[in-house]
file data_37.txt (compact mmCIF, N, CA and C atoms)
# COMPACT_ATOMS: atom_id res chain seq x y z
N MET A 81 95.06 93.40 112.93
CA MET A 81 94.55 92.25 112.21
C MET A 81 94.22 91.10 113.17
N GLU A 82 95.12 90.89 114.13
CA GLU A 82 94.91 89.79 115.05
C GLU A 82 93.65 90.00 115.89
N ASN A 83 93.40 91.25 116.29
CA ASN A 83 92.18 91.54 117.06
C ASN A 83 90.94 91.25 116.23
N LEU A 84 90.98 91.57 114.96
CA LEU A 84 89.84 91.28 114.09
C LEU A 84 89.62 89.78 113.97
N ALA A 85 90.72 89.05 113.74
CA ALA A 85 90.62 87.60 113.60
C ALA A 85 90.05 86.96 114.87
N GLU A 86 90.48 87.44 116.03
CA GLU A 86 89.98 86.91 117.30
C GLU A 86 88.48 87.12 117.45
N LYS A 87 87.96 88.17 116.81
CA LYS A 87 86.53 88.47 116.88
C LYS A 87 85.75 87.82 115.74
N GLY A 88 86.45 87.02 114.93
CA GLY A 88 85.79 86.33 113.83
C GLY A 88 85.61 87.17 112.58
N VAL A 89 86.29 88.32 112.53
CA VAL A 89 86.19 89.20 111.36
C VAL A 89 87.31 88.83 110.39
N ARG A 90 86.95 88.62 109.16
CA ARG A 90 87.90 88.27 108.12
C ARG A 90 88.32 89.56 107.40
N ALA A 91 89.59 89.93 107.51
CA ALA A 91 90.09 91.14 106.86
C ALA A 91 90.58 90.78 105.46
N ILE A 92 89.88 91.28 104.46
CA ILE A 92 90.28 91.06 103.06
C ILE A 92 90.70 92.41 102.50
N ILE A 93 91.96 92.51 102.15
CA ILE A 93 92.50 93.76 101.61
C ILE A 93 92.39 93.71 100.10
N ALA A 94 91.61 94.64 99.56
CA ALA A 94 91.38 94.70 98.11
C ALA A 94 92.43 95.55 97.42
N HIS A 95 92.83 95.13 96.27
CA HIS A 95 93.74 95.86 95.38
C HIS A 95 95.10 96.19 96.00
N PRO A 96 95.73 95.29 96.70
CA PRO A 96 97.03 95.65 97.28
C PRO A 96 98.06 96.00 96.20
N GLU A 97 97.90 95.42 95.02
CA GLU A 97 98.84 95.67 93.93
C GLU A 97 98.79 97.11 93.42
N ARG A 98 97.73 97.84 93.78
CA ARG A 98 97.60 99.24 93.36
C ARG A 98 97.94 100.21 94.48
N ASN A 99 98.36 99.71 95.62
CA ASN A 99 98.74 100.54 96.76
C ASN A 99 100.20 100.94 96.60
N SER A 100 100.50 102.23 96.70
CA SER A 100 101.86 102.71 96.44
C SER A 100 102.89 102.14 97.43
N THR A 101 102.50 101.97 98.68
CA THR A 101 103.43 101.39 99.65
C THR A 101 103.76 99.95 99.30
N ILE A 102 102.74 99.18 98.96
CA ILE A 102 102.95 97.78 98.60
C ILE A 102 103.68 97.67 97.26
N GLN A 103 103.43 98.62 96.35
CA GLN A 103 104.17 98.60 95.08
C GLN A 103 105.66 98.76 95.32
N SER A 104 106.03 99.57 96.29
CA SER A 104 107.46 99.76 96.54
C SER A 104 108.03 98.69 97.48
N GLN A 105 107.17 98.02 98.25
CA GLN A 105 107.60 96.98 99.17
C GLN A 105 106.57 95.85 99.23
N PRO A 106 106.49 95.02 98.20
CA PRO A 106 105.50 93.92 98.21
C PRO A 106 105.65 92.99 99.41
N GLU A 107 106.85 92.93 99.97
CA GLU A 107 107.10 92.06 101.12
C GLU A 107 106.31 92.50 102.35
N ALA A 108 105.83 93.73 102.34
CA ALA A 108 105.02 94.23 103.46
C ALA A 108 103.74 93.40 103.64
N THR A 109 103.31 92.75 102.58
CA THR A 109 102.10 91.92 102.68
C THR A 109 102.33 90.69 103.56
N GLU A 110 103.59 90.28 103.71
CA GLU A 110 103.90 89.11 104.54
C GLU A 110 103.44 89.33 105.98
N VAL A 111 103.78 90.46 106.56
CA VAL A 111 103.41 90.76 107.95
C VAL A 111 101.90 90.76 108.10
N LEU A 112 101.22 91.39 107.14
CA LEU A 112 99.76 91.44 107.20
C LEU A 112 99.15 90.04 107.06
N ARG A 113 99.70 89.24 106.16
CA ARG A 113 99.18 87.89 105.97
C ARG A 113 99.35 87.06 107.24
N TYR A 114 100.52 87.14 107.85
CA TYR A 114 100.75 86.36 109.07
C TYR A 114 99.90 86.86 110.23
N SER A 115 99.39 88.08 110.13
CA SER A 115 98.49 88.61 111.15
C SER A 115 97.03 88.25 110.87
N GLY A 116 96.80 87.57 109.75
CA GLY A 116 95.45 87.12 109.43
C GLY A 116 94.79 87.78 108.24
N ALA A 117 95.45 88.75 107.63
CA ALA A 117 94.86 89.42 106.46
C ALA A 117 94.87 88.50 105.24
N GLN A 118 93.90 88.71 104.39
CA GLN A 118 93.83 88.01 103.12
C GLN A 118 93.79 89.07 102.03
N PHE A 119 94.24 88.70 100.83
CA PHE A 119 94.39 89.69 99.76
C PHE A 119 93.61 89.31 98.51
N GLN A 120 93.03 90.34 97.92
CA GLN A 120 92.27 90.18 96.67
C GLN A 120 92.87 91.10 95.62
N ILE A 121 93.37 90.51 94.55
CA ILE A 121 93.87 91.34 93.45
C ILE A 121 92.80 91.44 92.36
N THR A 122 92.96 92.43 91.52
CA THR A 122 92.04 92.64 90.41
C THR A 122 92.57 91.94 89.17
N GLY A 123 91.70 91.24 88.47
CA GLY A 123 92.10 90.55 87.25
C GLY A 123 92.74 91.47 86.23
N ASP A 124 92.18 92.67 86.10
CA ASP A 124 92.74 93.62 85.14
C ASP A 124 94.16 94.04 85.52
N SER A 125 94.47 94.07 86.80
CA SER A 125 95.84 94.38 87.22
C SER A 125 96.79 93.31 86.73
N LEU A 126 96.36 92.07 86.84
CA LEU A 126 97.20 90.93 86.48
C LEU A 126 97.51 90.88 84.99
N ILE A 127 96.65 91.46 84.17
CA ILE A 127 96.89 91.45 82.72
C ILE A 127 97.34 92.80 82.18
N GLY A 128 97.71 93.70 83.08
CA GLY A 128 98.33 94.95 82.66
C GLY A 128 97.42 96.12 82.38
N LYS A 129 96.15 96.04 82.70
CA LYS A 129 95.21 97.13 82.41
C LYS A 129 95.45 98.37 83.27
N PHE A 130 96.16 98.21 84.37
CA PHE A 130 96.47 99.35 85.25
C PHE A 130 97.95 99.71 85.17
N GLY A 131 98.61 99.25 84.12
CA GLY A 131 100.02 99.57 83.91
C GLY A 131 100.96 98.42 84.26
N ARG A 132 102.15 98.54 83.73
CA ARG A 132 103.17 97.48 83.89
C ARG A 132 103.58 97.29 85.35
N LYS A 133 103.78 98.39 86.07
CA LYS A 133 104.22 98.29 87.46
C LYS A 133 103.19 97.53 88.30
N THR A 134 101.92 97.89 88.15
CA THR A 134 100.86 97.21 88.88
C THR A 134 100.79 95.74 88.50
N MET A 135 100.96 95.44 87.23
CA MET A 135 100.94 94.05 86.76
C MET A 135 102.07 93.25 87.41
N LYS A 136 103.27 93.83 87.44
CA LYS A 136 104.42 93.13 88.02
C LYS A 136 104.24 92.89 89.51
N VAL A 137 103.67 93.85 90.21
CA VAL A 137 103.41 93.68 91.64
C VAL A 137 102.35 92.59 91.85
N ALA A 138 101.30 92.60 91.04
CA ALA A 138 100.27 91.56 91.14
C ALA A 138 100.89 90.18 90.91
N GLU A 139 101.73 90.06 89.90
CA GLU A 139 102.41 88.79 89.63
C GLU A 139 103.25 88.36 90.83
N LYS A 140 104.00 89.31 91.39
CA LYS A 140 104.87 88.99 92.52
C LYS A 140 104.05 88.52 93.72
N LEU A 141 102.95 89.21 94.01
CA LEU A 141 102.10 88.81 95.13
C LEU A 141 101.54 87.41 94.93
N VAL A 142 101.16 87.08 93.70
CA VAL A 142 100.66 85.74 93.40
C VAL A 142 101.76 84.71 93.67
N ILE A 143 102.93 84.96 93.13
CA ILE A 143 104.05 84.02 93.27
C ILE A 143 104.48 83.90 94.74
N MET A 144 104.41 84.99 95.49
CA MET A 144 104.75 84.96 96.91
C MET A 144 103.74 84.15 97.73
N GLY A 145 102.58 83.88 97.15
CA GLY A 145 101.53 83.20 97.88
C GLY A 145 100.67 84.14 98.70
N ASN A 146 100.68 85.40 98.35
CA ASN A 146 99.92 86.41 99.10
C ASN A 146 98.68 86.89 98.36
N VAL A 147 98.08 86.02 97.58
CA VAL A 147 96.81 86.34 96.92
C VAL A 147 95.84 85.21 97.24
N HIS A 148 94.70 85.61 97.77
CA HIS A 148 93.67 84.64 98.15
C HIS A 148 92.46 84.69 97.22
N PHE A 149 92.27 85.84 96.54
CA PHE A 149 91.07 86.04 95.72
C PHE A 149 91.41 86.81 94.45
N LEU A 150 90.67 86.52 93.37
CA LEU A 150 90.78 87.25 92.11
C LEU A 150 89.45 87.95 91.87
N ALA A 151 89.50 89.27 91.76
CA ALA A 151 88.29 90.07 91.59
C ALA A 151 88.17 90.57 90.16
N SER A 152 86.95 90.87 89.77
CA SER A 152 86.72 91.48 88.46
C SER A 152 86.83 93.00 88.55
N ASP A 153 86.58 93.57 89.72
CA ASP A 153 86.51 95.01 89.93
C ASP A 153 85.45 95.64 89.03
N SER A 154 84.44 94.87 88.74
CA SER A 154 83.35 95.33 87.88
C SER A 154 82.51 96.37 88.60
N HIS A 155 82.22 97.44 87.89
CA HIS A 155 81.37 98.48 88.45
C HIS A 155 80.00 98.47 87.79
N SER A 156 79.94 98.01 86.56
CA SER A 156 78.68 97.88 85.83
C SER A 156 78.98 97.13 84.53
N PRO A 157 77.95 96.74 83.78
CA PRO A 157 78.21 96.06 82.51
C PRO A 157 78.98 96.92 81.50
N ARG A 158 78.91 98.25 81.66
CA ARG A 158 79.59 99.13 80.70
C ARG A 158 80.92 99.67 81.21
N PHE A 159 81.02 99.92 82.51
CA PHE A 159 82.24 100.47 83.08
C PHE A 159 82.93 99.38 83.88
N ARG A 160 84.12 99.01 83.44
CA ARG A 160 84.84 97.89 84.06
C ARG A 160 83.96 96.66 84.11
N SER A 161 83.51 96.25 82.95
CA SER A 161 82.63 95.09 82.88
C SER A 161 83.33 93.84 83.43
N PRO A 162 82.55 92.88 83.94
CA PRO A 162 83.15 91.69 84.54
C PRO A 162 83.79 90.78 83.48
N ARG A 163 85.10 90.74 83.47
CA ARG A 163 85.81 89.85 82.55
C ARG A 163 87.05 89.35 83.26
N ARG A 164 87.16 88.05 83.37
CA ARG A 164 88.29 87.49 84.10
C ARG A 164 88.98 86.39 83.31
N THR A 165 88.56 86.11 82.10
CA THR A 165 89.09 85.00 81.34
C THR A 165 90.60 85.10 81.14
N LYS A 166 91.08 86.26 80.68
CA LYS A 166 92.52 86.44 80.45
C LYS A 166 93.29 86.37 81.76
N ALA A 167 92.73 86.96 82.80
CA ALA A 167 93.41 86.96 84.10
C ALA A 167 93.50 85.54 84.66
N LEU A 168 92.44 84.77 84.50
CA LEU A 168 92.46 83.40 84.99
C LEU A 168 93.49 82.57 84.23
N LYS A 169 93.59 82.80 82.95
CA LYS A 169 94.59 82.09 82.13
C LYS A 169 96.01 82.43 82.63
N LYS A 170 96.25 83.69 82.92
CA LYS A 170 97.57 84.10 83.41
C LYS A 170 97.82 83.53 84.80
N LEU A 171 96.81 83.54 85.63
CA LEU A 171 96.93 83.00 86.98
C LEU A 171 97.32 81.52 86.92
N LYS A 172 96.69 80.77 86.02
CA LYS A 172 97.02 79.35 85.85
C LYS A 172 98.48 79.18 85.42
N LYS A 173 98.94 80.09 84.58
CA LYS A 173 100.33 80.04 84.12
C LYS A 173 101.30 80.28 85.29
N LEU A 174 100.92 81.17 86.20
CA LEU A 174 101.79 81.52 87.32
C LEU A 174 101.83 80.46 88.42
N VAL A 175 100.66 79.87 88.75
CA VAL A 175 100.60 78.97 89.91
C VAL A 175 99.96 77.62 89.63
N GLY A 176 99.59 77.38 88.40
CA GLY A 176 98.96 76.10 88.08
C GLY A 176 97.45 76.16 88.19
N LYS A 177 96.81 75.20 87.53
CA LYS A 177 95.35 75.18 87.43
C LYS A 177 94.66 75.05 88.79
N GLU A 178 95.15 74.14 89.64
CA GLU A 178 94.48 73.90 90.92
C GLU A 178 94.50 75.15 91.81
N ARG A 179 95.66 75.75 91.97
CA ARG A 179 95.76 76.95 92.83
C ARG A 179 94.98 78.12 92.23
N ALA A 180 95.04 78.27 90.90
CA ALA A 180 94.30 79.35 90.24
C ALA A 180 92.80 79.21 90.49
N GLU A 181 92.29 78.00 90.43
CA GLU A 181 90.86 77.78 90.67
C GLU A 181 90.49 78.02 92.13
N GLU A 182 91.42 77.73 93.05
CA GLU A 182 91.18 78.05 94.46
C GLU A 182 91.03 79.57 94.62
N ILE A 183 91.95 80.32 94.00
CA ILE A 183 91.94 81.78 94.12
C ILE A 183 90.70 82.38 93.45
N ALA A 184 90.34 81.87 92.28
CA ALA A 184 89.25 82.46 91.50
C ALA A 184 87.86 81.98 91.91
N TYR A 185 87.75 80.74 92.38
CA TYR A 185 86.42 80.18 92.64
C TYR A 185 86.21 79.65 94.06
N VAL A 186 87.10 78.79 94.52
CA VAL A 186 86.90 78.11 95.79
C VAL A 186 86.92 79.09 96.97
N ASN A 187 87.95 79.92 97.04
CA ASN A 187 88.05 80.85 98.17
C ASN A 187 86.90 81.86 98.21
N PRO A 188 86.53 82.48 97.08
CA PRO A 188 85.38 83.40 97.15
C PRO A 188 84.10 82.70 97.62
N ASN A 189 83.86 81.49 97.15
CA ASN A 189 82.68 80.75 97.60
C ASN A 189 82.78 80.41 99.08
N SER A 190 83.99 80.15 99.56
CA SER A 190 84.18 79.85 100.98
C SER A 190 83.84 81.06 101.84
N VAL A 191 84.20 82.25 101.38
CA VAL A 191 83.85 83.46 102.13
C VAL A 191 82.33 83.60 102.21
N LEU A 192 81.67 83.40 101.10
CA LEU A 192 80.21 83.53 101.09
C LEU A 192 79.54 82.48 101.99
N SER A 193 80.17 81.32 102.09
CA SER A 193 79.63 80.24 102.92
C SER A 193 80.18 80.25 104.34
N LYS A 194 81.04 81.24 104.64
CA LYS A 194 81.68 81.38 105.95
C LYS A 194 82.54 80.16 106.29
N LEU A 195 83.20 79.60 105.28
CA LEU A 195 84.10 78.48 105.48
C LEU A 195 85.53 78.98 105.50
N GLN A 196 86.43 78.13 105.96
CA GLN A 196 87.87 78.45 105.95
C GLN A 196 88.34 78.47 104.51
N ILE A 197 89.16 79.46 104.16
CA ILE A 197 89.70 79.50 102.80
C ILE A 197 90.94 78.64 102.71
N ILE A 198 91.30 78.27 101.51
CA ILE A 198 92.53 77.50 101.28
C ILE A 198 93.68 78.50 101.23
N ALA A 199 94.57 78.40 102.18
CA ALA A 199 95.70 79.34 102.26
C ALA A 199 96.74 79.01 101.21
N PRO A 200 97.26 80.04 100.58
CA PRO A 200 98.29 79.82 99.57
C PRO A 200 99.61 79.41 100.19
N GLY A 201 100.40 78.71 99.40
CA GLY A 201 101.76 78.39 99.81
C GLY A 201 102.70 79.36 99.13
N ASN A 202 103.95 79.10 99.21
CA ASN A 202 104.94 79.93 98.51
C ASN A 202 105.19 79.28 97.16
N TRP A 203 104.95 80.01 96.09
CA TRP A 203 105.02 79.45 94.73
C TRP A 203 106.34 79.76 94.04
N ASN A 204 107.37 80.14 94.79
CA ASN A 204 108.66 80.42 94.16
C ASN A 204 109.27 79.17 93.59

call {"tool": "encode", "arguments": {"input": "data_37.txt", "output": "structure tokens"}}
result
Amino acid sequence: MENLAEKGVRAIIAHPERNSTIQSQPEATEVLRYSGAQFQITGDSLIGKFGRKTMKVAEKLVIMGNVHFLASDSHSPRFRSPRRTKALKKLKKLVGKERAEEIAYVNPNSVLSKLQIIAPGNWN
């Protein structure tokens, strides 16, 4: 991760909440985050669409401050259509309106604009 960061490459790890290793050890994301990795969870994971275990891990990662982006995981208008309203509402409940908006809107726009993202704090 550090080598990528030194070369200006931003490592964004998608769907960590659905990774079996991270599901059994969410704390493993700490090492990756401190090495420069950023994490994107899926909105559907946060509201339980991928099961209770995945939802709980997504919640934990948010509370730990190890979520930088909220994705729709949309594949098309019919299959996994883009819907984030419920997930955004839950995100606001977990970390407050300001941080939720950073995760859902500000940070993704910063990536597109090649700006520095707002790093999460610890929300315990």

call {"tool": "residues_around", "arguments": {"input": "data_37.txt", "residues": "region 85-94 of chain A", "least_positions_apart": "3", "cutoff": "9 Å", "atoms": "only C-alpha atoms", "output": "ChimeraX atom specification"}}
result
/A:81-82,97,115-122,148-149,151,191

call {"tool": "atom_distance", "arguments": {"input": "data_37.txt", "atom1": "atom C of Asn187 (chain A)", "atom2": "atom C of Leu150 (chain A)"}}
result
9.2 Å

call {"tool": "atom_distance", "arguments": {"input": "data_37.txt", "atom1": "CA of Leu112 (chain A)", "atom2": "atom C of Val147 (chain A)"}}
result
12.4 Å

call {"tool": "atom_distance", "arguments": {"input": "data_37.txt", "atom1": "atom N of Ser190 (chain A)", "atom2": "CA of Lys177 (chain A)"}}
result
17.3 Å

call {"tool": "closest_residue", "arguments": {"input": "data_37.txt", "among": "A:Pro96, A:Gln103, A:Gly123, A:Glu181", "to": "Thr165 (chain A)", "atoms": "only C-alpha atoms"}}
result
A:Gly123
